[in-house]
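Below: query.cif (mmCIF, C-alpha atoms and all ligand atoms)
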```cif
data_final
#
loop_
_atom_site.group_PDB
_atom_site.id
_atom_site.type_symbol
_atom_site.label_atom_id
_atom_site.label_comp_id
_atom_site.auth_asym_id
_atom_site.auth_seq_id
_atom_site.Cartn_x
_atom_site.Cartn_y
_atom_site.Cartn_z
ATOM 1 C CA MET T 576 -7.727 -10.115 6.457
ATOM 2 C CA LEU T 577 -9.182 -7.135 4.541
ATOM 3 C CA LYS T 578 -12.867 -7.961 4.925
ATOM 4 C CA ASN T 579 -14.939 -4.760 4.986
ATOM 5 C CA LYS T 580 -11.945 -2.675 3.932
ATOM 6 C CA VAL T 581 -12.096 -0.373 0.911
ATOM 7 C CA GLY T 582 -8.911 0.401 -1.011
ATOM 8 C CA ILE T 583 -7.836 2.255 -4.114
ATOM 9 C CA ILE T 584 -4.937 1.192 -6.307
ATOM 10 C CA PHE T 585 -3.010 3.589 -8.550
ATOM 11 C CA GLY T 586 -0.730 2.168 -11.241
ATOM 12 C CA VAL T 587 -2.204 -0.903 -12.881
ATOM 13 C CA ALA T 588 -0.930 -0.559 -16.456
ATOM 14 C CA ASN T 589 -1.240 -4.257 -17.360
ATOM 15 C CA LYS T 590 -1.172 -7.731 -15.823
ATOM 16 C CA ARG T 591 2.568 -7.498 -15.133
ATOM 17 C CA SER T 592 2.238 -4.309 -13.079
ATOM 18 C CA ILE T 593 3.287 -4.538 -9.444
ATOM 19 C CA ALA T 594 -0.008 -2.789 -8.669
ATOM 20 C CA TRP T 595 -1.888 -5.726 -10.202
ATOM 21 C CA ALA T 596 -0.033 -8.190 -7.964
ATOM 22 C CA CYS T 597 -0.986 -5.987 -4.998
ATOM 23 C CA ALA T 598 -4.589 -5.956 -6.173
ATOM 24 C CA ASN T 599 -4.706 -9.753 -6.368
ATOM 25 C CA SER T 600 -3.272 -10.194 -2.872
ATOM 26 C CA CYS T 601 -5.850 -7.724 -1.508
ATOM 27 C CA LEU T 602 -8.766 -9.252 -3.440
ATOM 28 C CA GLU T 603 -7.892 -12.772 -2.255
ATOM 29 C CA ASN T 604 -8.138 -11.418 1.265
ATOM 30 C CA GLY T 605 -11.574 -9.879 0.934
ATOM 31 C CA ALA T 606 -10.879 -6.228 0.081
ATOM 32 C CA GLU T 607 -13.229 -4.044 -1.942
ATOM 33 C CA LEU T 608 -11.071 -2.283 -4.562
ATOM 34 C CA ALA T 609 -11.257 0.716 -6.879
ATOM 35 C CA PHE T 610 -8.660 1.339 -9.578
ATOM 36 C CA THR T 611 -7.302 4.345 -11.435
ATOM 37 C CA TYR T 612 -5.707 4.510 -14.849
ATOM 38 C CA GLN T 613 -3.699 7.105 -16.697
ATOM 39 C CA GLY T 614 -5.194 7.938 -20.083
ATOM 40 C CA GLU T 615 -7.480 5.995 -22.441
ATOM 41 C CA ARG T 616 -4.540 3.874 -23.594
ATOM 42 C CA LEU T 617 -4.545 1.998 -20.289
ATOM 43 C CA LYS T 618 -8.301 1.931 -19.727
ATOM 44 C CA ARG T 619 -8.772 -1.046 -22.030
ATOM 45 C CA ASN T 620 -6.194 -3.125 -20.105
ATOM 46 C CA LEU T 621 -7.808 -2.328 -16.787
ATOM 47 C CA ASP T 622 -11.326 -2.997 -18.099
ATOM 48 C CA LYS T 623 -10.169 -6.432 -19.252
ATOM 49 C CA LEU T 624 -8.464 -7.214 -15.949
ATOM 50 C CA THR T 625 -11.436 -6.161 -13.825
ATOM 51 C CA ALA T 626 -14.087 -7.664 -16.128
ATOM 52 C CA GLY T 627 -14.968 -10.558 -13.792
ATOM 53 C CA MET T 628 -15.193 -8.429 -10.684
ATOM 54 C CA GLY T 629 -18.679 -7.020 -10.960
ATOM 55 C CA ASP T 630 -19.299 -3.317 -10.696
ATOM 56 C CA THR T 631 -15.746 -2.153 -9.929
ATOM 57 C CA LEU T 632 -14.936 1.574 -9.839
ATOM 58 C CA VAL T 633 -12.351 2.283 -12.560
ATOM 59 C CA ILE T 634 -11.480 5.965 -12.603
ATOM 60 C CA PRO T 635 -9.273 8.026 -14.940
ATOM 61 C CA CYS T 636 -6.508 9.719 -12.944
ATOM 62 C CA ASP T 637 -3.403 11.284 -14.387
ATOM 63 C CA VAL T 638 -1.689 12.696 -11.295
ATOM 64 C CA THR T 639 -0.407 15.705 -13.250
ATOM 65 C CA ASN T 640 -4.069 16.787 -13.438
ATOM 66 C CA GLN T 641 -5.307 17.936 -10.009
ATOM 67 C CA ALA T 642 -8.938 17.967 -11.148
ATOM 68 C CA GLU T 643 -8.699 14.234 -11.968
ATOM 69 C CA VAL T 644 -7.184 13.495 -8.557
ATOM 70 C CA ASP T 645 -9.987 15.437 -6.840
ATOM 71 C CA ARG T 646 -12.625 13.669 -8.920
ATOM 72 C CA THR T 647 -11.140 10.274 -8.097
ATOM 73 C CA PHE T 648 -11.711 10.761 -4.385
ATOM 74 C CA GLU T 649 -15.145 12.306 -4.964
ATOM 75 C CA GLU T 650 -16.112 9.093 -6.759
ATOM 76 C CA ILE T 651 -14.840 7.008 -3.847
ATOM 77 C CA ASP T 652 -16.783 9.196 -1.438
ATOM 78 C CA LYS T 653 -19.935 8.844 -3.521
ATOM 79 C CA ARG T 654 -19.664 5.053 -3.778
ATOM 80 C CA TYR T 655 -18.311 4.102 -0.337
ATOM 81 C CA GLY T 656 -18.315 7.214 1.862
ATOM 82 C CA ARG T 657 -14.951 6.154 3.265
ATOM 83 C CA LEU T 658 -11.546 4.680 2.431
ATOM 84 C CA ASP T 659 -9.211 2.355 4.329
ATOM 85 C CA PHE T 660 -6.136 2.124 2.141
ATOM 86 C CA VAL T 661 -4.281 3.484 -0.862
ATOM 87 C CA ILE T 662 -1.653 1.635 -2.894
ATOM 88 C CA HIS T 663 0.407 4.144 -4.885
ATOM 89 C CA SER T 664 2.400 2.312 -7.550
ATOM 90 C CA ILE T 665 3.219 4.921 -10.179
ATOM 91 C CA ALA T 666 6.372 6.517 -11.487
ATOM 92 C CA PHE T 667 7.583 8.156 -14.642
ATOM 93 C CA ALA T 668 10.718 9.770 -16.082
ATOM 94 C CA PRO T 669 11.425 10.533 -19.737
ATOM 95 C CA ARG T 670 13.274 7.616 -21.297
ATOM 96 C CA GLU T 671 16.299 9.702 -22.313
ATOM 97 C CA ALA T 672 16.869 10.554 -18.630
ATOM 98 C CA LEU T 673 17.205 6.845 -17.793
ATOM 99 C CA GLU T 674 20.507 6.278 -19.571
ATOM 100 C CA GLY T 675 23.932 7.892 -19.683
ATOM 101 C CA GLU T 676 25.078 10.363 -17.048
ATOM 102 C CA PHE T 677 22.779 11.745 -14.337
ATOM 103 C CA LEU T 678 24.693 14.994 -14.840
ATOM 104 C CA ALA T 679 22.921 15.514 -18.163
ATOM 105 C CA THR T 680 19.396 15.461 -16.631
ATOM 106 C CA THR T 681 17.349 18.354 -18.014
ATOM 107 C CA ARG T 682 15.247 20.644 -15.833
ATOM 108 C CA GLU T 683 12.149 19.313 -17.534
ATOM 109 C CA ALA T 684 13.009 15.645 -16.952
ATOM 110 C CA PHE T 685 13.907 16.363 -13.329
ATOM 111 C CA LEU T 686 10.637 18.182 -12.613
ATOM 112 C CA THR T 687 8.534 15.572 -14.417
ATOM 113 C CA ALA T 688 10.130 12.665 -12.543
ATOM 114 C CA MET T 689 9.711 14.461 -9.225
ATOM 115 C CA GLU T 690 6.106 15.444 -9.873
ATOM 116 C CA ILE T 691 4.821 12.062 -11.019
ATOM 117 C CA SER T 692 7.046 9.753 -8.976
ATOM 118 C CA ALA T 693 7.373 11.646 -5.674
ATOM 119 C CA PHE T 694 4.981 14.598 -5.263
ATOM 120 C CA SER T 695 1.986 12.494 -6.301
ATOM 121 C CA LEU T 696 2.231 10.545 -3.026
ATOM 122 C CA THR T 697 1.675 13.737 -1.029
ATOM 123 C CA GLN T 698 -1.058 14.864 -3.421
ATOM 124 C CA VAL T 699 -2.914 11.559 -3.130
ATOM 125 C CA SER T 700 -2.420 11.323 0.656
ATOM 126 C CA LEU T 701 -3.935 14.774 1.181
ATOM 127 C CA ALA T 702 -6.949 13.876 -0.950
ATOM 128 C CA ALA T 703 -7.393 10.484 0.769
ATOM 129 C CA MET T 704 -7.118 11.818 4.338
ATOM 130 C CA PRO T 705 -10.703 13.087 4.848
ATOM 131 C CA LEU T 706 -12.087 9.720 3.677
ATOM 132 C CA MET T 707 -9.912 7.718 6.104
ATOM 133 C CA LYS T 708 -12.335 8.266 8.938
ATOM 134 C CA ASP T 709 -11.295 5.224 11.001
ATOM 135 C CA GLY T 710 -7.584 5.563 10.239
ATOM 136 C CA GLY T 711 -5.943 4.062 7.191
ATOM 137 C CA SER T 712 -2.833 2.833 5.441
ATOM 138 C CA ILE T 713 -0.970 4.260 2.450
ATOM 139 C CA VAL T 714 1.694 2.224 0.650
ATOM 140 C CA THR T 715 4.057 3.337 -2.102
ATOM 141 C CA MET T 716 6.702 1.584 -4.244
ATOM 142 C CA SER T 717 10.355 2.506 -4.127
ATOM 143 C CA TYR T 718 13.643 1.036 -5.324
ATOM 144 C CA TYR T 719 17.219 0.642 -4.043
ATOM 145 C CA GLY T 720 18.369 3.379 -6.465
ATOM 146 C CA ALA T 721 16.942 5.808 -3.860
ATOM 147 C CA GLU T 722 19.933 5.219 -1.606
ATOM 148 C CA LYS T 723 22.723 3.829 -3.776
ATOM 149 C CA VAL T 724 23.868 4.740 -7.266
ATOM 150 C CA VAL T 725 22.366 2.320 -9.788
ATOM 151 C CA LYS T 726 23.608 2.668 -13.353
ATOM 152 C CA ASN T 727 21.039 4.362 -15.653
ATOM 153 C CA TYR T 728 18.438 4.763 -12.872
ATOM 154 C CA ASN T 729 19.579 8.390 -12.576
ATOM 155 C CA VAL T 730 16.818 10.926 -11.934
ATOM 156 C CA MET T 731 14.432 8.160 -10.882
ATOM 157 C CA GLY T 732 16.820 7.369 -8.016
ATOM 158 C CA VAL T 733 16.650 10.999 -6.905
ATOM 159 C CA ALA T 734 12.848 10.917 -7.154
ATOM 160 C CA LYS T 735 12.725 7.688 -5.117
ATOM 161 C CA SER T 736 14.872 9.338 -2.398
ATOM 162 C CA ALA T 737 12.287 12.127 -2.267
ATOM 163 C CA LEU T 738 9.518 9.512 -2.199
ATOM 164 C CA GLU T 739 11.048 7.659 0.765
ATOM 165 C CA SER T 740 11.592 10.916 2.615
ATOM 166 C CA SER T 741 8.010 11.983 1.825
ATOM 167 C CA THR T 742 6.865 8.679 3.337
ATOM 168 C CA ARG T 743 8.464 9.664 6.641
ATOM 169 C CA TYR T 744 7.104 13.231 6.670
ATOM 170 C CA LEU T 745 3.613 12.058 5.712
ATOM 171 C CA ALA T 746 3.732 9.330 8.386
ATOM 172 C CA ASN T 747 4.458 12.031 10.952
ATOM 173 C CA ASP T 748 1.707 14.366 9.738
ATOM 174 C CA LEU T 749 -0.941 11.641 9.486
ATOM 175 C CA GLY T 750 -0.018 9.557 12.544
ATOM 176 C CA SER T 751 -2.387 11.380 14.898
ATOM 177 C CA ARG T 752 -5.283 10.330 12.622
ATOM 178 C CA ASN T 753 -4.096 6.720 12.782
ATOM 179 C CA ILE T 754 -3.138 6.834 9.106
ATOM 180 C CA ARG T 755 0.077 4.930 8.418
ATOM 181 C CA VAL T 756 2.361 5.555 5.437
ATOM 182 C CA ASN T 757 5.016 3.078 4.305
ATOM 183 C CA ALA T 758 7.159 2.323 1.266
ATOM 184 C CA ILE T 759 8.114 -1.034 -0.186
ATOM 185 C CA SER T 760 11.541 -1.121 -1.796
ATOM 186 C CA ALA T 761 11.068 -3.889 -4.335
ATOM 187 C CA GLY T 762 13.804 -5.768 -6.140
ATOM 188 C CA PRO T 763 13.803 -5.423 -9.948
ATOM 189 C CA ILE T 764 10.814 -6.977 -11.742
ATOM 190 C CA ASN T 765 10.334 -7.165 -15.490
ATOM 191 C CA THR T 766 7.431 -4.719 -16.013
ATOM 192 C CA LEU T 767 6.663 -2.067 -18.603
ATOM 193 C CA SER T 768 8.240 0.719 -16.505
ATOM 194 C CA ALA T 769 11.318 -1.332 -15.665
ATOM 195 C CA ARG T 770 11.959 -1.890 -19.365
ATOM 196 C CA GLY T 771 12.354 1.878 -19.658
ATOM 197 C CA VAL T 772 15.577 1.600 -17.650
ATOM 198 C CA LYS T 773 18.474 0.506 -19.820
ATOM 199 C CA ASN T 774 20.055 -2.886 -18.989
ATOM 200 C CA LEU T 775 17.277 -4.211 -16.767
ATOM 201 C CA GLY T 776 18.494 -7.723 -17.648
ATOM 202 C CA SER T 777 21.831 -7.089 -15.969
ATOM 203 C CA PHE T 778 20.067 -5.858 -12.798
ATOM 204 C CA LEU T 779 18.095 -9.101 -12.656
ATOM 205 C CA LYS T 780 21.235 -11.186 -13.175
ATOM 206 C CA GLN T 781 23.144 -9.333 -10.454
ATOM 207 C CA VAL T 782 20.384 -9.926 -7.925
ATOM 208 C CA GLU T 783 20.421 -13.656 -8.706
ATOM 209 C CA GLU T 784 24.159 -13.780 -8.120
ATOM 210 C CA LYS T 785 24.460 -11.508 -5.104
ATOM 211 C CA ALA T 786 21.225 -11.608 -3.087
ATOM 212 C CA PRO T 787 21.225 -13.997 -0.094
ATOM 213 C CA LEU T 788 18.210 -15.856 -1.542
ATOM 214 C CA LYS T 789 19.986 -16.204 -4.952
ATOM 215 C CA ARG T 790 16.918 -15.314 -6.964
ATOM 216 C CA ASN T 791 14.760 -12.391 -8.007
ATOM 217 C CA VAL T 792 11.608 -11.310 -6.235
ATOM 218 C CA GLU T 793 8.193 -12.430 -7.565
ATOM 219 C CA PRO T 794 5.480 -9.781 -8.044
ATOM 220 C CA LYS T 795 3.241 -11.771 -5.678
ATOM 221 C CA GLU T 796 5.805 -11.360 -2.902
ATOM 222 C CA VAL T 797 5.583 -7.579 -3.289
ATOM 223 C CA GLY T 798 1.773 -7.844 -3.416
ATOM 224 C CA ASP T 799 1.701 -9.893 -0.216
ATOM 225 C CA THR T 800 3.889 -7.318 1.554
ATOM 226 C CA ALA T 801 1.493 -4.585 0.429
ATOM 227 C CA LEU T 802 -1.336 -6.743 1.827
ATOM 228 C CA PHE T 803 0.480 -6.938 5.173
ATOM 229 C CA LEU T 804 1.057 -3.176 5.197
ATOM 230 C CA VAL T 805 -2.560 -2.267 4.438
ATOM 231 C CA SER T 806 -3.881 -4.826 6.938
ATOM 232 C CA ASP T 807 -4.118 -4.482 10.717
ATOM 233 C CA LEU T 808 -1.247 -6.953 11.087
ATOM 234 C CA SER T 809 1.153 -4.015 10.586
ATOM 235 C CA SER T 810 -0.718 -1.627 12.903
ATOM 236 C CA ALA T 811 2.437 -0.291 14.614
ATOM 237 C CA ILE T 812 4.520 0.156 11.441
ATOM 238 C CA THR T 813 4.684 3.602 9.845
ATOM 239 C CA GLY T 814 7.213 5.755 8.010
ATOM 240 C CA GLU T 815 9.256 2.701 7.031
ATOM 241 C CA THR T 816 10.831 1.571 3.799
ATOM 242 C CA ILE T 817 10.572 -2.224 3.780
ATOM 243 C CA TYR T 818 12.847 -4.155 1.428
ATOM 244 C CA VAL T 819 11.286 -6.941 -0.594
ATOM 245 C CA ASP T 820 14.405 -7.778 -2.553
ATOM 246 C CA CYS T 821 15.550 -11.271 -1.539
ATOM 247 C CA GLY T 822 18.004 -9.530 0.796
ATOM 248 C CA TYR T 823 20.013 -7.804 -1.941
ATOM 249 C CA ASN T 824 20.307 -4.519 -0.011
ATOM 250 C CA ILE T 825 22.130 -6.021 2.991
ATOM 251 C CA MET T 826 25.137 -7.142 0.963
ATOM 252 C CA GLY T 827 28.480 -5.354 0.864
ATOM 253 C CA ILE T 828 31.402 -6.794 -1.057
HETATM 254 O O1 LIG I 1 11.584 -3.380 -11.149
HETATM 255 C C1 LIG I 1 10.513 -2.802 -11.015
HETATM 256 N N1 LIG I 1 9.540 -2.951 -11.882
HETATM 257 C C2 LIG I 1 10.321 -1.914 -9.825
HETATM 258 C C3 LIG I 1 9.338 -0.965 -9.822
HETATM 259 C C4 LIG I 1 11.252 -2.060 -8.685
HETATM 260 C C5 LIG I 1 10.971 -1.185 -7.597
HETATM 261 C C6 LIG I 1 9.987 -0.250 -7.639
HETATM 262 N N2 LIG I 1 9.178 -0.137 -8.746
HETATM 263 C C7 LIG I 1 8.149 0.881 -8.718
HETATM 264 C C8 LIG I 1 8.079 1.794 -9.923
HETATM 265 O O2 LIG I 1 9.071 2.799 -9.871
HETATM 266 C C9 LIG I 1 6.681 2.360 -9.745
HETATM 267 O O3 LIG I 1 6.682 3.361 -8.729
HETATM 268 O O4 LIG I 1 6.888 0.277 -8.674
HETATM 269 C C10 LIG I 1 5.915 1.147 -9.223
HETATM 270 C C11 LIG I 1 5.121 0.410 -10.273
HETATM 271 O O5 LIG I 1 5.937 0.110 -11.366
HETATM 272 P P1 LIG I 1 5.762 -1.158 -12.342
HETATM 273 O O6 LIG I 1 4.676 -2.014 -11.867
HETATM 274 O O7 LIG I 1 7.116 -1.693 -12.538
HETATM 275 O O8 LIG I 1 5.407 -0.454 -13.720
HETATM 276 P P2 LIG I 1 4.105 -0.311 -14.648
HETATM 277 O O9 LIG I 1 3.356 -1.573 -14.741
HETATM 278 O O10 LIG I 1 4.580 0.294 -15.926
HETATM 279 O O11 LIG I 1 3.218 0.753 -13.861
HETATM 280 C C12 LIG I 1 3.599 2.064 -13.623
HETATM 281 C C13 LIG I 1 2.485 2.976 -14.054
HETATM 282 C C14 LIG I 1 2.440 3.521 -15.470
HETATM 283 O O12 LIG I 1 2.590 2.715 -16.436
HETATM 284 P P3 LIG I 1 3.346 3.234 -17.809
HETATM 285 O O13 LIG I 1 4.284 2.092 -18.016
HETATM 286 O O14 LIG I 1 2.250 3.339 -18.768
HETATM 287 O O15 LIG I 1 4.085 4.527 -17.547
HETATM 288 O O16 LIG I 1 2.496 4.235 -13.460
HETATM 289 C C15 LIG I 1 1.432 4.943 -14.057
HETATM 290 C C16 LIG I 1 1.124 4.276 -15.363
HETATM 291 O O17 LIG I 1 -0.015 3.525 -15.234
HETATM 292 N N3 LIG I 1 1.702 6.330 -14.345
HETATM 293 C C17 LIG I 1 0.850 7.294 -13.983
HETATM 294 N N4 LIG I 1 -0.317 7.240 -13.317
HETATM 295 C C18 LIG I 1 -0.967 8.402 -13.141
HETATM 296 N N5 LIG I 1 -0.511 9.580 -13.600
HETATM 297 C C19 LIG I 1 1.405 8.486 -14.490
HETATM 298 C C20 LIG I 1 0.668 9.663 -14.270
HETATM 299 N N6 LIG I 1 1.080 10.845 -14.725
HETATM 300 N N7 LIG I 1 2.570 8.186 -15.131
HETATM 301 C C21 LIG I 1 2.744 6.872 -15.021
#
```
What does this structure look like when you write it as structure tokens?
Amino acid sequence: MLKNKVGIIFGVANKRSIAWACANSCLENGAELAFTYQGERLKRNLDKLTAGMGDTLVIPCDVTNQAEVDRTFEEIDKRYGRLDFVIHSIAFAPREALEGEFLATTREAFLTAMEISAFSLTQVSLAAMPLMKDGGSIVTMSYYGAEKVVKNYNVMGVAKSALESSTRYLANDLGSRNIRVNAISAGPINTLSARGVKNLGSFLKQVEEKAPLKRNVEPKEVGDTALFLVSDLSSAITGETIYVDCGYNIMGI
């Protein structure tokens, strides 16, 4: 499905990362992939995960550093001369902002969450655009806390609202170049980032009880949706937020 397509994946921190599930779905379907990591701490994990893949591009990219973002796409240009898709699977907010009242969010926590979790999509899309010569697809990861109040999710919910809105504005700006931009709103999954939100266990339990499918989502199911969105099967879909949450979001009382 992705034969002859080149993609870059932001946000593989370890084997539990949603980005890693996306990578596996894309690799199984013939994609050529490059990866980025944030800081030396995560390089070792990524090196281990990509060890069997031959000469894979693994590039340092902390999105708060514009020079690293620019260099990332220069490396892609040098190696491939083009790019077909981007999977953006990164977010961050200081831990203390992910508990208690949203009202207590500091200016610093607010700006950090917005920069890393929302603005970075625009930053990366702008840098990717010139390489997407035959059109392309950009996919980001959101969560239900973007539209409804989720206890402790706080400033990350506000950042995810901005991310989903950015998806629509970017889809409009990039549509004439045949570049599509979509978000996946994934149900809760037990990853490193998710553990930063207090009471993740109770989120998982609630989904099992309330979602129509009576279970939580598997990372592979998010990965397969990303595969669909970066493939030509979704060629008329752009600006959307697609729920991969076992139906949780449709439920009222
Ligand atoms: O329940 C979940 N796990 C859900 C996650 C439900 C719905 C959405 N998501 C979203 C997250 O908000 C995020 O946008 O999916 C995306 C991926 O999250 P993940 O797979 O749950 O988390 P993780 O494996 O920790 O990957 C996120 C990574 C960071 O990991 P750590 O844990 O070290 O912060 O985002 C990266 C980093 O690799 N990251 C950055 N990358 C570049 N520059 C930066 C940065 N400044 N900060 C964090």
> For the file shown, what are the residues hit by the PyMOL selection byres (((chain T and resi 731) around 12) and not hetatm), laid out as a ChimeraX atom specification?
Replying inline: /T:665-674,677,680,684-693,717-730,732-738,768-769,771-772
>> Could you list, as a VMD selection string, all protein and nucleic acid residues with an atom at most 7 Å from ligand LIG 1 (chain I), counting only C-alpha atoms and all ligand atoms?
In response: chain T and resid 585 to 589 591 to 594 612 to 613 617 636 to 639 664 to 667 691 to 692 716 to 718 760 to 769
> If the PyMOL selection byres (((chain T and resi 647-659) around 7) and not hetatm) is run on the structure shown, which residues does it catch, given as a PyMOL selection string?
Replying inline: chain T and resi 580-582+634+636+643-646+660+702-703+706-708+710-712
>> As a check of understanding, name the residues that the PyMOL selection byres (((chain T and resi 799-816) around 10) and not hetatm) selects in the supplied structure, as an NGL selection string.
In response: :T and (576-578 or 580 or 582 or 594 or 596-604 or 606 or 659-662 or 711-718 or 739-747 or 749-750 or 753-761 or 794-798 or 817-819)
Produce a file of the selected residues containing C-alpha atoms, as a short mmCIF file (atom, residue, chain, number, x, y, z; two decimals), in the coordinates of the input.
```cif
data_model
loop_
_atom_site.label_atom_id
_atom_site.label_comp_id
_atom_site.auth_asym_id
_atom_site.auth_seq_id
_atom_site.Cartn_x
_atom_site.Cartn_y
_atom_site.Cartn_z
CA MET T 576 -7.73 -10.12 6.46
CA LEU T 577 -9.18 -7.14 4.54
CA LYS T 578 -12.87 -7.96 4.92
CA LYS T 580 -11.94 -2.68 3.93
CA GLY T 582 -8.91 0.40 -1.01
CA ALA T 594 -0.01 -2.79 -8.67
CA ALA T 596 -0.03 -8.19 -7.96
CA CYS T 597 -0.99 -5.99 -5.00
CA ALA T 598 -4.59 -5.96 -6.17
CA ASN T 599 -4.71 -9.75 -6.37
CA SER T 600 -3.27 -10.19 -2.87
CA CYS T 601 -5.85 -7.72 -1.51
CA LEU T 602 -8.77 -9.25 -3.44
CA GLU T 603 -7.89 -12.77 -2.26
CA ASN T 604 -8.14 -11.42 1.26
CA ALA T 606 -10.88 -6.23 0.08
CA ASP T 659 -9.21 2.36 4.33
CA PHE T 660 -6.14 2.12 2.14
CA VAL T 661 -4.28 3.48 -0.86
CA ILE T 662 -1.65 1.64 -2.89
CA GLY T 711 -5.94 4.06 7.19
CA SER T 712 -2.83 2.83 5.44
CA ILE T 713 -0.97 4.26 2.45
CA VAL T 714 1.69 2.22 0.65
CA THR T 715 4.06 3.34 -2.10
CA MET T 716 6.70 1.58 -4.24
CA SER T 717 10.36 2.51 -4.13
CA TYR T 718 13.64 1.04 -5.32
CA GLU T 739 11.05 7.66 0.76
CA SER T 740 11.59 10.92 2.62
CA SER T 741 8.01 11.98 1.82
CA THR T 742 6.86 8.68 3.34
CA ARG T 743 8.46 9.66 6.64
CA TYR T 744 7.10 13.23 6.67
CA LEU T 745 3.61 12.06 5.71
CA ALA T 746 3.73 9.33 8.39
CA ASN T 747 4.46 12.03 10.95
CA LEU T 749 -0.94 11.64 9.49
CA GLY T 750 -0.02 9.56 12.54
CA ASN T 753 -4.10 6.72 12.78
CA ILE T 754 -3.14 6.83 9.11
CA ARG T 755 0.08 4.93 8.42
CA VAL T 756 2.36 5.56 5.44
CA ASN T 757 5.02 3.08 4.30
CA ALA T 758 7.16 2.32 1.27
CA ILE T 759 8.11 -1.03 -0.19
CA SER T 760 11.54 -1.12 -1.80
CA ALA T 761 11.07 -3.89 -4.34
CA PRO T 794 5.48 -9.78 -8.04
CA LYS T 795 3.24 -11.77 -5.68
CA GLU T 796 5.80 -11.36 -2.90
CA VAL T 797 5.58 -7.58 -3.29
CA GLY T 798 1.77 -7.84 -3.42
CA ILE T 817 10.57 -2.22 3.78
CA TYR T 818 12.85 -4.16 1.43
CA VAL T 819 11.29 -6.94 -0.59
#
```
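Here CA of Phe610 in chain T and CA of Ile583 in chain T stand 5.6 Å from one another.
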>> Report, in Å to a single decimal, how far apart CA of Thr625 in chain T and CA of Trp595 in chain T are.
In response: 10.2 Å
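Between CA of Arg616 in chain T and CA of Gly629 in chain T the interatomic distance comes to 21.9 Å.
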Which centre and which edge lengths, in Å to one decimal, describe the axis-aligned box that holds all listed atoms of range 641-652 of chain T after 4 Å is added on each side, as JSON?
```
{"center_x": -11.0, "center_y": 12.5, "center_z": -6.7, "size_x": 19.5, "size_y": 19.0, "size_z": 18.5}
```
>> Please return as a PyMOL selection string every residue within 9 Å of (-15.4, -1.7, -9.2), taking into account all atoms listed in the file and the file's own coordinates.
In response: chain T and resi 607-610+625+628-633
